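Structure data follow from my_file-v5.csv (CSV, C-alpha atoms):
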```csv
chain,number,residue,atom,x,y,z
A,24,MET,CA,-74.3,-73.6,-64.5
A,25,LYS,CA,-76.2,-70.4,-65.2
A,26,LEU,CA,-79.3,-71.8,-66.9
A,27,SER,CA,-81.6,-71.4,-63.9
A,28,TRP,CA,-82.9,-67.9,-64.7
A,29,PHE,CA,-86.5,-69.1,-64.7
A,30,SER,CA,-86.2,-70.3,-61.2
A,31,THR,CA,-84.2,-67.4,-59.8
A,32,GLY,CA,-85.8,-64.8,-62.1
A,33,ALA,CA,-89.1,-64.2,-60.2
A,34,ALA,CA,-87.4,-63.7,-56.9
A,35,ALA,CA,-84.7,-61.5,-58.3
A,36,LEU,CA,-87.2,-59.4,-60.2
A,37,LEU,CA,-89.4,-58.9,-57.1
A,38,LEU,CA,-86.3,-57.6,-55.3
A,39,PHE,CA,-85.1,-55.6,-58.1
A,40,SER,CA,-87.9,-53.6,-59.6
A,41,MET,CA,-86.0,-51.4,-62.0
A,42,ARG,CA,-88.1,-48.3,-62.8
A,43,ALA,CA,-86.2,-47.6,-65.9
A,44,PHE,CA,-86.8,-44.5,-67.8
A,45,ALA,CA,-85.2,-45.5,-71.0
A,46,HIS,CA,-85.1,-43.4,-74.1
A,47,HIS,CA,-88.2,-41.2,-73.5
A,48,SER,CA,-90.2,-39.5,-70.8
A,49,PHE,CA,-92.8,-41.8,-69.4
A,50,ALA,CA,-95.2,-39.0,-68.7
A,51,ALA,CA,-95.1,-37.6,-72.2
A,52,GLU,CA,-96.8,-40.7,-73.5
A,53,PHE,CA,-98.4,-42.7,-70.7
A,54,ASP,CA,-100.6,-41.9,-67.7
A,55,ALA,CA,-99.7,-43.5,-64.4
A,56,ARG,CA,-103.3,-42.6,-63.2
A,57,LYS,CA,-104.7,-44.9,-65.9
A,58,PRO,CA,-103.6,-48.4,-64.8
A,59,VAL,CA,-104.6,-51.3,-67.1
A,60,GLU,CA,-104.6,-55.0,-66.6
A,61,LEU,CA,-104.8,-56.7,-70.0
A,62,LYS,CA,-105.4,-60.4,-70.2
A,63,GLY,CA,-105.2,-61.9,-73.6
A,64,THR,CA,-103.3,-64.0,-76.2
A,65,LEU,CA,-99.9,-63.1,-77.4
A,66,ILE,CA,-99.6,-62.3,-81.1
A,67,GLU,CA,-95.9,-61.5,-81.1
A,68,LEU,CA,-93.1,-60.5,-78.8
A,69,GLU,CA,-91.4,-58.0,-81.1
A,70,TRP,CA,-87.7,-57.8,-80.1
A,71,VAL,CA,-86.6,-54.4,-81.4
A,72,ASN,CA,-84.9,-51.2,-80.1
A,73,PRO,CA,-85.5,-48.8,-78.5
A,74,HIS,CA,-88.4,-50.8,-77.0
A,75,ALA,CA,-89.5,-54.4,-77.3
A,76,TRP,CA,-93.3,-54.8,-77.7
A,77,ILE,CA,-95.9,-57.2,-76.8
A,78,HIS,CA,-98.7,-57.4,-79.4
A,79,MET,CA,-101.7,-59.1,-78.0
A,80,GLU,CA,-105.4,-59.8,-78.5
A,81,VAL,CA,-107.7,-59.0,-75.6
A,82,LYS,CA,-111.3,-60.3,-75.6
A,83,ASP,CA,-113.9,-58.4,-73.6
A,84,GLU,CA,-117.0,-59.8,-71.9
A,85,SER,CA,-119.1,-59.5,-75.1
A,86,GLY,CA,-116.5,-61.5,-77.0
A,87,LYS,CA,-115.2,-58.6,-78.9
A,88,VAL,CA,-111.5,-58.9,-79.7
A,89,THR,CA,-109.2,-55.8,-79.5
A,90,LYS,CA,-105.5,-55.6,-80.4
A,91,TRP,CA,-103.2,-54.0,-77.8
A,92,ASP,CA,-99.6,-53.0,-78.1
A,93,CYS,CA,-97.6,-53.0,-74.8
A,94,GLU,CA,-94.2,-51.3,-74.6
A,95,LEU,CA,-91.4,-53.1,-72.7
A,96,GLY,CA,-87.8,-52.0,-72.0
A,97,SER,CA,-85.2,-52.5,-74.7
A,98,PRO,CA,-84.0,-56.0,-75.5
A,99,ASN,CA,-80.8,-55.3,-73.6
A,100,LEU,CA,-82.6,-54.2,-70.5
A,101,LEU,CA,-84.9,-57.2,-70.7
A,102,MET,CA,-82.0,-59.6,-71.3
A,103,ARG,CA,-80.2,-58.3,-68.2
A,104,GLN,CA,-83.3,-59.1,-66.2
A,105,GLY,CA,-83.6,-62.6,-67.5
A,106,TRP,CA,-85.8,-62.3,-70.5
A,107,ARG,CA,-85.0,-64.0,-73.8
A,108,ARG,CA,-86.5,-63.3,-77.2
A,109,ASP,CA,-88.3,-66.6,-76.9
A,110,SER,CA,-89.5,-66.1,-73.3
A,111,LEU,CA,-93.0,-65.8,-74.6
A,112,LYS,CA,-94.5,-67.8,-77.5
A,113,LYS,CA,-97.3,-66.9,-79.9
A,114,GLY,CA,-100.6,-68.1,-78.4
A,115,ASP,CA,-99.4,-67.8,-74.7
A,116,VAL,CA,-102.1,-66.5,-72.5
A,117,ILE,CA,-100.6,-63.5,-70.6
A,118,VAL,CA,-101.5,-60.8,-68.2
A,119,VAL,CA,-99.9,-57.4,-68.6
A,120,ASP,CA,-100.1,-54.8,-65.9
A,121,GLY,CA,-99.2,-51.3,-66.8
A,122,SER,CA,-100.3,-47.8,-67.7
A,123,ALA,CA,-102.5,-46.7,-70.6
A,124,ALA,CA,-101.3,-44.2,-73.3
A,125,LYS,CA,-102.6,-40.6,-72.9
A,126,ASP,CA,-103.7,-40.4,-76.5
A,127,GLY,CA,-106.4,-43.0,-76.0
A,128,SER,CA,-105.0,-45.6,-78.4
A,129,ASN,CA,-104.8,-49.2,-77.5
A,130,LEU,CA,-101.3,-48.8,-76.2
A,131,ALA,CA,-99.8,-49.4,-72.8
A,132,ASN,CA,-96.5,-49.2,-71.0
A,133,ALA,CA,-96.0,-52.6,-69.3
A,134,LYS,CA,-94.9,-52.8,-65.7
A,135,THR,CA,-95.1,-56.6,-65.3
A,136,VAL,CA,-95.9,-59.4,-67.6
A,137,LYS,CA,-97.0,-62.8,-66.3
A,138,LEU,CA,-98.2,-66.0,-67.8
A,139,ALA,CA,-101.9,-66.6,-67.0
A,140,ASP,CA,-101.0,-69.7,-65.0
A,141,GLY,CA,-98.8,-67.4,-62.8
A,142,ALA,CA,-95.8,-69.6,-63.4
A,143,ARG,CA,-93.5,-66.9,-64.6
A,144,VAL,CA,-93.4,-63.2,-63.9
A,145,PHE,CA,-91.4,-60.7,-65.8
A,146,ASN,CA,-90.5,-57.2,-64.9
A,147,ALA,CA,-91.1,-55.2,-68.1
A,148,GLY,CA,-88.2,-52.9,-67.5
A,149,SER,CA,-89.8,-49.8,-69.0
A,150,SER,CA,-92.1,-48.2,-66.5
A,151,GLY,CA,-92.2,-45.4,-64.1
A,152,GLU,CA,-90.5,-42.1,-63.9
A,153,THR,CA,-87.3,-41.4,-62.2
A,154,GLY,CA,-85.1,-38.9,-60.7
A,155,THR,CA,-81.4,-39.5,-61.2
A,156,PRO,CA,-78.4,-38.2,-59.4
A,157,GLY,CA,-77.5,-36.5,-62.7
A,158,ALA,CA,-80.9,-34.9,-62.8
A,159,PRO,CA,-81.9,-32.9,-59.7
A,160,VAL,CA,-85.6,-33.0,-59.4
A,161,GLN,CA,-86.9,-29.4,-59.3
B,3,MET,CA,-56.7,-89.6,-75.1
B,4,ARG,CA,-59.6,-90.9,-73.1
B,5,LEU,CA,-62.0,-88.3,-71.8
B,6,ASN,CA,-63.5,-88.5,-68.4
B,7,PRO,CA,-67.2,-88.7,-69.2
B,8,THR,CA,-68.3,-86.8,-66.1
B,9,LEU,CA,-65.8,-84.0,-66.8
B,10,SER,CA,-66.8,-83.9,-70.4
B,11,LEU,CA,-70.4,-83.6,-69.5
B,12,ALA,CA,-69.6,-80.8,-67.1
B,13,VAL,CA,-67.5,-78.9,-69.7
B,14,PHE,CA,-70.3,-79.4,-72.2
B,15,CYS,CA,-72.9,-78.0,-69.8
B,16,PHE,CA,-70.8,-75.1,-68.9
B,17,ALA,CA,-70.0,-74.2,-72.5
B,18,ALA,CA,-73.7,-74.7,-73.5
B,19,ALA,CA,-74.8,-72.4,-70.7
B,20,HIS,CA,-72.5,-69.6,-71.9
B,21,LEU,CA,-73.2,-70.1,-75.5
B,22,SER,CA,-76.9,-69.8,-74.8
B,23,ALA,CA,-76.3,-66.5,-73.1
B,24,GLN,CA,-73.9,-65.2,-75.7
B,25,TRP,CA,-71.6,-62.5,-74.2
B,26,LEU,CA,-74.3,-61.1,-72.0
B,27,ASP,CA,-72.9,-63.6,-69.5
B,28,TYR,CA,-69.1,-64.3,-69.9
B,29,PRO,CA,-66.6,-64.4,-67.1
B,30,THR,CA,-64.2,-61.4,-67.0
B,31,LYS,CA,-60.7,-62.6,-66.8
B,32,GLY,CA,-58.1,-61.3,-64.4
B,33,ILE,CA,-60.3,-59.5,-61.8
B,34,PRO,CA,-60.2,-60.0,-58.1
B,35,ARG,CA,-62.7,-62.6,-56.9
B,36,ASN,CA,-64.1,-63.7,-53.5
B,37,PRO,CA,-64.0,-67.3,-52.5
B,38,ASP,CA,-67.5,-67.8,-53.9
B,39,GLY,CA,-66.2,-66.8,-57.3
B,40,LYS,CA,-68.0,-63.5,-57.5
B,41,ALA,CA,-66.1,-60.3,-58.3
B,42,ASN,CA,-64.6,-58.7,-55.3
B,43,LEU,CA,-66.0,-55.2,-55.7
B,44,THR,CA,-64.3,-53.8,-52.6
B,45,ALA,CA,-60.7,-54.8,-53.6
B,46,PRO,CA,-58.3,-51.9,-54.2
B,47,ALA,CA,-58.7,-49.9,-57.3
B,48,PRO,CA,-56.3,-51.2,-60.0
B,49,LYS,CA,-53.4,-49.1,-61.2
B,50,LEU,CA,-51.9,-48.4,-64.6
B,51,PRO,CA,-48.2,-49.0,-65.2
B,52,ASP,CA,-47.6,-45.3,-64.5
B,53,GLY,CA,-49.2,-45.6,-61.1
B,54,LYS,CA,-52.4,-43.8,-62.0
B,55,PRO,CA,-55.8,-45.4,-61.2
B,56,ASP,CA,-57.0,-47.7,-64.0
B,57,LEU,CA,-60.6,-46.6,-64.8
B,58,SER,CA,-61.3,-49.4,-67.3
B,59,GLY,CA,-64.3,-51.6,-67.0
B,60,LEU,CA,-68.1,-51.6,-67.6
B,61,TRP,CA,-69.9,-49.1,-65.3
B,62,LEU,CA,-73.6,-48.8,-64.6
B,63,GLY,CA,-75.2,-46.0,-62.6
B,64,ASP,CA,-76.1,-47.1,-59.1
B,65,GLN,CA,-79.8,-46.1,-59.4
B,66,TRP,CA,-80.1,-48.6,-62.2
B,67,SER,CA,-78.0,-51.3,-60.8
B,68,PRO,CA,-79.1,-54.3,-58.7
B,69,ALA,CA,-75.6,-54.1,-57.1
B,70,GLY,CA,-75.7,-50.4,-56.6
B,71,HIS,CA,-76.3,-49.4,-53.0
B,72,ARG,CA,-74.5,-46.2,-52.3
B,73,PRO,CA,-76.8,-43.3,-51.5
B,74,VAL,CA,-76.8,-40.2,-53.7
B,75,SER,CA,-74.5,-37.6,-52.3
B,76,ARG,CA,-75.4,-33.9,-52.6
B,77,ALA,CA,-72.6,-32.9,-50.3
B,78,ARG,CA,-70.7,-30.9,-52.9
B,79,SER,CA,-73.6,-30.1,-55.2
B,80,THR,CA,-75.0,-26.6,-55.9
B,81,PRO,CA,-78.4,-25.8,-57.4
B,82,PRO,CA,-78.6,-24.6,-61.0
B,83,GLU,CA,-79.6,-20.9,-61.0
B,84,MET,CA,-80.9,-20.3,-64.5
B,85,LEU,CA,-81.0,-17.0,-66.4
B,86,PRO,CA,-84.6,-15.9,-67.3
B,87,TRP,CA,-84.6,-17.4,-70.9
B,88,ALA,CA,-83.3,-20.7,-69.5
B,89,GLN,CA,-85.8,-20.8,-66.7
B,90,LYS,CA,-88.6,-20.2,-69.2
B,91,VAL,CA,-87.4,-23.0,-71.4
B,92,PHE,CA,-86.9,-25.3,-68.5
B,93,ASP,CA,-90.4,-24.6,-67.1
B,94,GLU,CA,-92.0,-25.3,-70.6
B,95,ARG,CA,-90.2,-28.6,-70.8
B,96,ARG,CA,-91.3,-29.7,-67.3
B,97,ALA,CA,-94.9,-28.6,-68.2
B,98,ASN,CA,-94.7,-30.8,-71.3
B,99,SER,CA,-93.1,-33.8,-69.5
B,100,ILE,CA,-90.0,-33.3,-71.7
B,101,LYS,CA,-91.8,-34.8,-74.7
B,102,ASP,CA,-89.7,-33.1,-77.3
B,103,ASP,CA,-86.3,-34.3,-76.0
B,104,PRO,CA,-84.4,-35.4,-79.1
B,105,GLU,CA,-83.4,-38.5,-77.2
B,106,ALA,CA,-87.0,-39.8,-77.7
B,107,ARG,CA,-86.2,-39.6,-81.4
B,108,CYS,CA,-83.1,-41.7,-80.8
B,109,MET,CA,-80.7,-38.8,-81.1
B,110,PRO,CA,-77.6,-38.8,-79.0
B,111,GLN,CA,-78.0,-37.5,-75.4
B,112,GLY,CA,-74.8,-35.4,-75.2
B,113,VAL,CA,-72.5,-34.9,-72.2
B,114,PRO,CA,-73.0,-35.5,-69.4
B,115,LYS,CA,-76.6,-36.8,-69.8
B,116,ALA,CA,-75.4,-39.9,-71.7
B,117,SER,CA,-73.7,-41.1,-68.5
B,118,THR,CA,-76.9,-40.9,-66.5
B,119,LEU,CA,-79.0,-43.5,-68.3
B,120,PRO,CA,-79.9,-47.1,-67.4
B,121,TYR,CA,-77.3,-48.6,-69.6
B,122,PRO,CA,-73.6,-49.3,-68.9
B,123,PHE,CA,-70.7,-47.6,-70.5
B,124,GLU,CA,-67.2,-49.0,-70.9
B,125,LEU,CA,-63.9,-47.2,-70.3
B,126,ILE,CA,-61.0,-48.5,-72.3
B,127,ASN,CA,-57.4,-47.2,-72.0
B,128,ALA,CA,-55.6,-46.5,-75.3
B,129,PRO,CA,-52.4,-44.6,-76.0
B,130,GLY,CA,-53.1,-40.9,-75.8
B,131,LYS,CA,-56.7,-41.3,-75.0
B,132,LEU,CA,-59.4,-42.9,-72.9
B,133,VAL,CA,-62.2,-44.3,-74.9
B,134,MET,CA,-65.7,-44.2,-73.6
B,135,LEU,CA,-68.2,-46.6,-75.2
B,136,TYR,CA,-71.9,-46.1,-74.4
B,137,GLU,CA,-74.2,-49.1,-74.8
B,138,MET,CA,-77.3,-46.9,-75.4
B,139,TYR,CA,-77.4,-45.9,-79.0
B,140,SER,CA,-73.8,-47.3,-79.4
B,141,LEU,CA,-72.3,-43.8,-78.9
B,142,ARG,CA,-68.6,-43.2,-78.1
B,143,ARG,CA,-66.3,-40.5,-76.9
B,144,GLU,CA,-62.6,-40.1,-77.1
B,145,ILE,CA,-61.1,-38.3,-74.2
B,146,PHE,CA,-57.6,-37.2,-75.3
B,147,THR,CA,-54.8,-37.5,-72.8
B,148,ASP,CA,-51.9,-36.6,-75.1
B,149,GLY,CA,-51.6,-33.1,-73.7
B,150,ARG,CA,-53.7,-31.2,-76.3
B,151,GLU,CA,-55.9,-28.3,-75.3
B,152,LEU,CA,-59.5,-27.8,-76.3
B,153,PRO,CA,-59.8,-25.6,-79.4
B,154,LYS,CA,-60.8,-21.9,-78.8
B,155,GLU,CA,-63.5,-22.3,-81.5
B,156,PHE,CA,-65.3,-25.4,-82.8
B,157,ILE,CA,-65.7,-25.4,-86.5
B,158,SER,CA,-68.1,-28.3,-86.2
B,159,PRO,CA,-69.8,-28.6,-82.8
B,160,SER,CA,-70.9,-32.2,-82.2
B,161,TRP,CA,-73.5,-34.3,-80.3
B,162,MET,CA,-71.0,-35.7,-77.8
B,163,GLY,CA,-68.6,-32.7,-77.9
B,164,TYR,CA,-64.8,-32.7,-77.7
B,165,SER,CA,-63.0,-33.9,-74.6
B,166,VAL,CA,-59.6,-33.7,-73.0
B,167,GLY,CA,-58.5,-35.3,-69.8
B,168,LYS,CA,-55.7,-35.0,-67.2
B,169,TRP,CA,-54.9,-36.3,-63.8
B,170,ASP,CA,-55.4,-34.3,-60.6
B,171,GLY,CA,-54.1,-36.7,-57.9
B,172,ASP,CA,-56.3,-39.7,-58.0
B,173,GLU,CA,-59.0,-37.9,-60.0
B,174,PHE,CA,-59.2,-38.0,-63.8
B,175,VAL,CA,-60.5,-34.6,-64.8
B,176,VAL,CA,-62.3,-34.4,-68.2
B,177,THR,CA,-63.2,-31.1,-69.8
B,178,THR,CA,-65.7,-31.2,-72.6
B,179,ALA,CA,-66.9,-28.4,-74.9
B,180,GLY,CA,-68.1,-28.0,-78.5
B,181,ILE,CA,-71.5,-29.7,-77.9
B,182,ASN,CA,-74.0,-28.7,-80.6
B,183,ASP,CA,-77.3,-27.0,-80.1
B,184,GLN,CA,-79.3,-30.0,-81.2
B,185,VAL,CA,-78.4,-31.6,-77.8
B,186,TRP,CA,-81.3,-30.3,-75.7
B,187,ASN,CA,-80.4,-30.8,-72.1
B,188,VAL,CA,-77.5,-31.6,-69.8
B,189,ASP,CA,-79.6,-34.0,-67.6
B,190,LEU,CA,-82.8,-35.9,-67.4
B,191,ALA,CA,-84.5,-33.1,-65.6
B,192,GLY,CA,-84.3,-31.0,-68.8
B,193,HIS,CA,-81.7,-28.2,-68.0
B,194,PRO,CA,-80.8,-26.4,-71.2
B,195,HIS,CA,-77.4,-25.2,-72.4
B,196,SER,CA,-75.8,-22.8,-74.9
B,197,ASP,CA,-72.8,-22.9,-77.2
B,198,VAL,CA,-70.4,-21.9,-74.4
B,199,LEU,CA,-71.2,-25.0,-72.3
B,200,ARG,CA,-68.2,-26.5,-70.6
B,201,VAL,CA,-68.6,-29.7,-68.7
B,202,THR,CA,-66.1,-30.9,-66.2
B,203,GLU,CA,-66.3,-34.5,-65.1
B,204,ARG,CA,-64.1,-35.6,-62.2
B,205,PHE,CA,-63.8,-39.5,-62.4
B,206,HIS,CA,-62.7,-41.1,-59.1
B,207,ARG,CA,-62.4,-44.9,-58.9
B,208,VAL,CA,-63.0,-45.4,-55.2
B,209,ASP,CA,-62.1,-49.1,-55.2
B,210,PHE,CA,-62.3,-52.0,-57.6
B,211,GLY,CA,-66.0,-52.0,-58.0
B,212,HIS,CA,-67.0,-48.4,-57.4
B,213,MET,CA,-66.5,-45.1,-59.2
B,214,ASP,CA,-67.9,-41.6,-58.7
B,215,ILE,CA,-68.2,-38.8,-61.2
B,216,GLN,CA,-68.7,-35.2,-60.1
B,217,VAL,CA,-69.9,-33.0,-62.8
B,218,THR,CA,-69.7,-29.2,-63.0
B,219,ILE,CA,-71.8,-27.3,-65.6
B,220,ASP,CA,-70.2,-24.0,-66.6
B,221,ASP,CA,-72.4,-22.1,-69.1
B,222,ALA,CA,-72.5,-18.3,-68.6
B,223,LYS,CA,-75.2,-17.8,-71.2
B,224,THR,CA,-77.5,-20.1,-69.4
B,225,TYR,CA,-76.7,-20.1,-65.7
B,226,VAL,CA,-75.9,-17.3,-63.2
B,227,LYS,CA,-72.8,-19.2,-62.2
B,228,PRO,CA,-71.3,-22.7,-62.6
B,229,TRP,CA,-73.2,-25.4,-60.7
B,230,ILE,CA,-72.3,-28.8,-59.5
B,231,MET,CA,-74.5,-31.9,-59.9
B,232,PRO,CA,-75.0,-34.4,-57.1
B,233,VAL,CA,-72.2,-36.9,-57.4
B,234,MET,CA,-73.0,-39.7,-59.8
B,235,ARG,CA,-72.3,-43.2,-58.4
B,236,TYR,CA,-71.4,-46.2,-60.5
B,237,THR,CA,-70.8,-49.9,-59.8
B,238,LEU,CA,-68.7,-52.1,-61.9
B,239,LEU,CA,-70.6,-54.7,-64.0
B,240,PRO,CA,-68.4,-57.8,-64.1
B,241,ASP,CA,-68.8,-60.9,-66.2
B,242,THR,CA,-70.7,-59.3,-69.0
B,243,ASP,CA,-70.0,-57.1,-72.1
B,244,LEU,CA,-71.5,-54.2,-73.9
B,245,LEU,CA,-74.4,-55.2,-76.1
B,246,GLU,CA,-75.4,-53.7,-79.4
B,247,PHE,CA,-78.1,-51.1,-79.3
B,248,VAL,CA,-79.4,-49.8,-82.7
B,249,CYS,CA,-82.5,-47.7,-82.6
B,250,GLU,CA,-84.3,-49.6,-85.4
B,251,LYS,CA,-88.0,-49.1,-84.8
B,252,ASN,CA,-89.0,-46.1,-82.8
B,253,VAL,CA,-92.8,-45.7,-82.7
B,254,ASP,CA,-93.1,-43.6,-79.5
B,255,PRO,CA,-93.0,-40.0,-80.9
B,256,GLN,CA,-96.4,-40.3,-82.7
B,257,HIS,CA,-98.0,-41.1,-79.3
B,258,MET,CA,-96.2,-38.5,-77.2
B,259,VAL,CA,-98.7,-35.9,-76.4
B,260,GLY,CA,-97.0,-34.4,-73.3
B,261,ASN,CA,-99.5,-32.9,-71.0
B,262,SER,CA,-102.0,-31.9,-73.6
B,263,LYS,CA,-104.2,-34.8,-72.6
```

Turn this file's structure into structure tokens for me.
Amino acid sequence: MKLSWFSTGAAALLLFSMRAFAHHSFAAEFDARKPVELKGTLIELEWVNPHAWIHMEVKDESGKVTKWDCELGSPNLLMRQGWRRDSLKKGDVIVVDGSAAKDGSNLANAKTVKLADGARVFNAGSSGETGTPGAPVQ
Amino acid sequence: MRLNPTLSLAVFCFAAAHLSAQWLDYPTKGIPRNPDGKANLTAPAPKLPDGKPDLSGLWLGDQWSPAGHRPVSRARSTPPEMLPWAQKVFDERRANSIKDDPEARCMPQGVPKASTLPYPFELINAPGKLVMLYEMYSLRREIFTDGRELPKEFISPSWMGYSVGKWDGDEFVVTTAGINDQVWNVDLAGHPHSDVLRVTERFHRVDFGHMDIQVTIDDAKTYVKPWIMPVMRYTLLPDTDLLEFVCEKNVDPQHMVGNSK
């Protein structure tokens, strides 16, 4: 049976950290020197191309709530890494690690997403830059 | 007929597992397998009825694949020596983190860049042509093998160009031209091209699970001389199928500032 993706997923994803540059240049939009760790409540996992999105509410120390949008890989990339469109539910408390947008908006590129209890970790399938054999790095 | 309850349960569970995963996860029929049931990726390359290698299958670039392990080979590659205008364009693109690449607006990537991305493509044999289906943006190419030559002029240059293919020993040699000027770059690095671009791709299926493509870029209006990219490595993706990819909600371009911030 192949239903055990939750149990095998975390280990596999640690081994296989795909730094996928999918659809657009990472550095055109995000700043790898501006890491963010966002802990908050999921509003929606939006399952659309070319990128799925996590929309979440983040509460700061003063209690002020801010909405953040976190870019993931495409649904196909996520599915091949074990995600499903219902992997996260509205109201889940999650922690997103990633890079902030250069334009200063509440936008981030997610590297990993985990449930706050640490039970499940997902590679976000959308982060990092790459060289590719088809693209000699100059 | 009485059904064995244990067997019925097992069949139900097996079917349920696959239904839940749709065709993301469906066993490919008729492929060589190891005793553990996994595809035997080092079995010999399959042959077509005429004795030529059969290139069909789903292929994913090794740099994106959990199964990909072969190192990049630069053995036959040569560097791109750009003419001054091309060097200027290339430098501007690099300085801007390639923010204006039409791909970021969900436009087709062109050839050969479409084959360098983190999504599989499928090769399908058909009479008189080899069909190449790309998962990303659901693009496709028809590589004609019916003996036709590329036209001298292209009345309507296209995003993915026009392709013909023929065999040279065990290598399938594809020549592509007629790529339009809306395609920006021949690779992820951002190398430009002109209307005289000719791309040669040499497909070599090394064994059942591995394929190489060696690409030569010939564009006298852009480069001092033809140049050869490092060989692109691919590993077969068994037990899955292409998935739909329609670019339905693209919100990135409004945030893409390049290096202005």

Exercise. Can you tell me how far CA of Lys31 in chain B sits from CA of Pro122 in chain B, in Å to one decimal?
Worked result: 18.6 Å

Problem set entry | Neighbours of point (-112.0, -60.4, -76.0) within 12 Å, using only C-alpha atoms, written as a list in words |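 Counting only C-alpha atoms, I find these residues within 12 Å of (-112.0, -60.4, -76.0): Leu61, Lys62, Gly63, Thr64, Met79, Glu80, Val81, Lys82, Asp83, Glu84, Ser85, Gly86, Lys87, Val88, Thr89, Lys90 and Trp91 of chain A.
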
Just C-alpha atoms for this one: save the residues we selected as a tab-separated table (two decimals), in the frame of the given file.
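The result, stored in part08.tsv:
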```
chain	number	residue	atom	x	y	z
A	61	LEU	CA	-104.80	-56.70	-70.00
A	62	LYS	CA	-105.40	-60.40	-70.20
A	63	GLY	CA	-105.20	-61.90	-73.60
A	64	THR	CA	-103.30	-64.00	-76.20
A	79	MET	CA	-101.70	-59.10	-78.00
A	80	GLU	CA	-105.40	-59.80	-78.50
A	81	VAL	CA	-107.70	-59.00	-75.60
A	82	LYS	CA	-111.30	-60.30	-75.60
A	83	ASP	CA	-113.90	-58.40	-73.60
A	84	GLU	CA	-117.00	-59.80	-71.90
A	85	SER	CA	-119.10	-59.50	-75.10
A	86	GLY	CA	-116.50	-61.50	-77.00
A	87	LYS	CA	-115.20	-58.60	-78.90
A	88	VAL	CA	-111.50	-58.90	-79.70
A	89	THR	CA	-109.20	-55.80	-79.50
A	90	LYS	CA	-105.50	-55.60	-80.40
A	91	TRP	CA	-103.20	-54.00	-77.80
```

Can you list every residue of range 165-256 of chain B that has an atom at most 8 Å from range 92-116 of chain B, with its nearest atom pair and the distance in Å to one decimal, using only C-alpha atoms, ordered by chain then number, as CSV?
```
residue,atom,partner,partner_atom,distance
B:Thr178,CA,B:Val113,CA,7.8
B:Ile181,CA,B:Gly112,CA,7.1
B:Gln184,CA,B:Pro104,CA,7.7
B:Val185,CA,B:Gly112,CA,5.8
B:Trp186,CA,B:Asp103,CA,6.4
B:Asn187,CA,B:Lys115,CA,7.5
B:Val188,CA,B:Lys115,CA,5.3
B:Asp189,CA,B:Lys115,CA,4.7
B:Leu190,CA,B:Lys115,CA,6.7
B:Ala191,CA,B:Arg96,CA,7.8
B:Gly192,CA,B:Phe92,CA,6.3
B:His193,CA,B:Phe92,CA,6.0
B:Pro194,CA,B:Phe92,CA,6.8
B:Val201,CA,B:Pro114,CA,7.3
B:Val217,CA,B:Pro114,CA,7.7
B:Cys249,CA,B:Cys108,CA,6.3
B:Asn252,CA,B:Arg107,CA,7.2
B:Asp254,CA,B:Ala106,CA,7.4
B:Pro255,CA,B:Ala106,CA,6.8
```

For this session: Quote the spacing between CA of Asp64 in chain B and CA of Pro120 in chain B in Å to one decimal place.
Result: 9.1 Å

For this session: Tell me which protein, DNA and RNA residues are within 12 Å of range 34-49 of chain B, counting only C-alpha atoms, leaving out same-chain ones fewer than 4 positions away, and put them as a list in words.
Result: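 That gives Pro29, Thr30, Gly53, Lys54, Pro55, Asp56, Leu57, Ser58, Gly59, Ala69, Gly70, Asn127, Asp172, His206, Arg207, Val208, Asp209, Phe210, Gly211, His212, Met213, Tyr236, Thr237, Leu238, Leu239, Pro240, Asp241 and Thr242 of chain B.
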
For C-alpha atoms, I'd like the residues from the last selection saved as a compact mmCIF listing (two decimals), keeping the file's coordinate frame.
```txt
# COMPACT_ATOMS: atom_id res chain seq x y z
CA PRO B 29 -66.60 -64.40 -67.10
CA THR B 30 -64.20 -61.40 -67.00
CA GLY B 53 -49.20 -45.60 -61.10
CA LYS B 54 -52.40 -43.80 -62.00
CA PRO B 55 -55.80 -45.40 -61.20
CA ASP B 56 -57.00 -47.70 -64.00
CA LEU B 57 -60.60 -46.60 -64.80
CA SER B 58 -61.30 -49.40 -67.30
CA GLY B 59 -64.30 -51.60 -67.00
CA ALA B 69 -75.60 -54.10 -57.10
CA GLY B 70 -75.70 -50.40 -56.60
CA ASN B 127 -57.40 -47.20 -72.00
CA ASP B 172 -56.30 -39.70 -58.00
CA HIS B 206 -62.70 -41.10 -59.10
CA ARG B 207 -62.40 -44.90 -58.90
CA VAL B 208 -63.00 -45.40 -55.20
CA ASP B 209 -62.10 -49.10 -55.20
CA PHE B 210 -62.30 -52.00 -57.60
CA GLY B 211 -66.00 -52.00 -58.00
CA HIS B 212 -67.00 -48.40 -57.40
CA MET B 213 -66.50 -45.10 -59.20
CA TYR B 236 -71.40 -46.20 -60.50
CA THR B 237 -70.80 -49.90 -59.80
CA LEU B 238 -68.70 -52.10 -61.90
CA LEU B 239 -70.60 -54.70 -64.00
CA PRO B 240 -68.40 -57.80 -64.10
CA ASP B 241 -68.80 -60.90 -66.20
CA THR B 242 -70.70 -59.30 -69.00
```

For this session: Would you please work out which residue, of A:Ala124, A:Ala131, A:Val119, A:Ala51, is nearest to Glu94 in chain A when using all atoms listed in the file?
Result: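 Among A:Ala124, A:Ala131, A:Val119, A:Ala51, it is A:Ala131 that comes nearest to Glu94 in chain A.
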
Exercise. Which protein, DNA or RNA residues are at most 9 Å from (-77.3, -48.1, -77.3) in the file's coordinates when you count all atoms listed in the file, listed as a PyMOL selection string?
Worked result: (chain A and resi 72-73+99) or (chain B and resi 121+136-141+245-249)

For this session: Please indicate the distance in Å from CA of His71 in chain B to CA of Ile219 in chain B, rounded to one decimal place.
Result: 25.8 Å
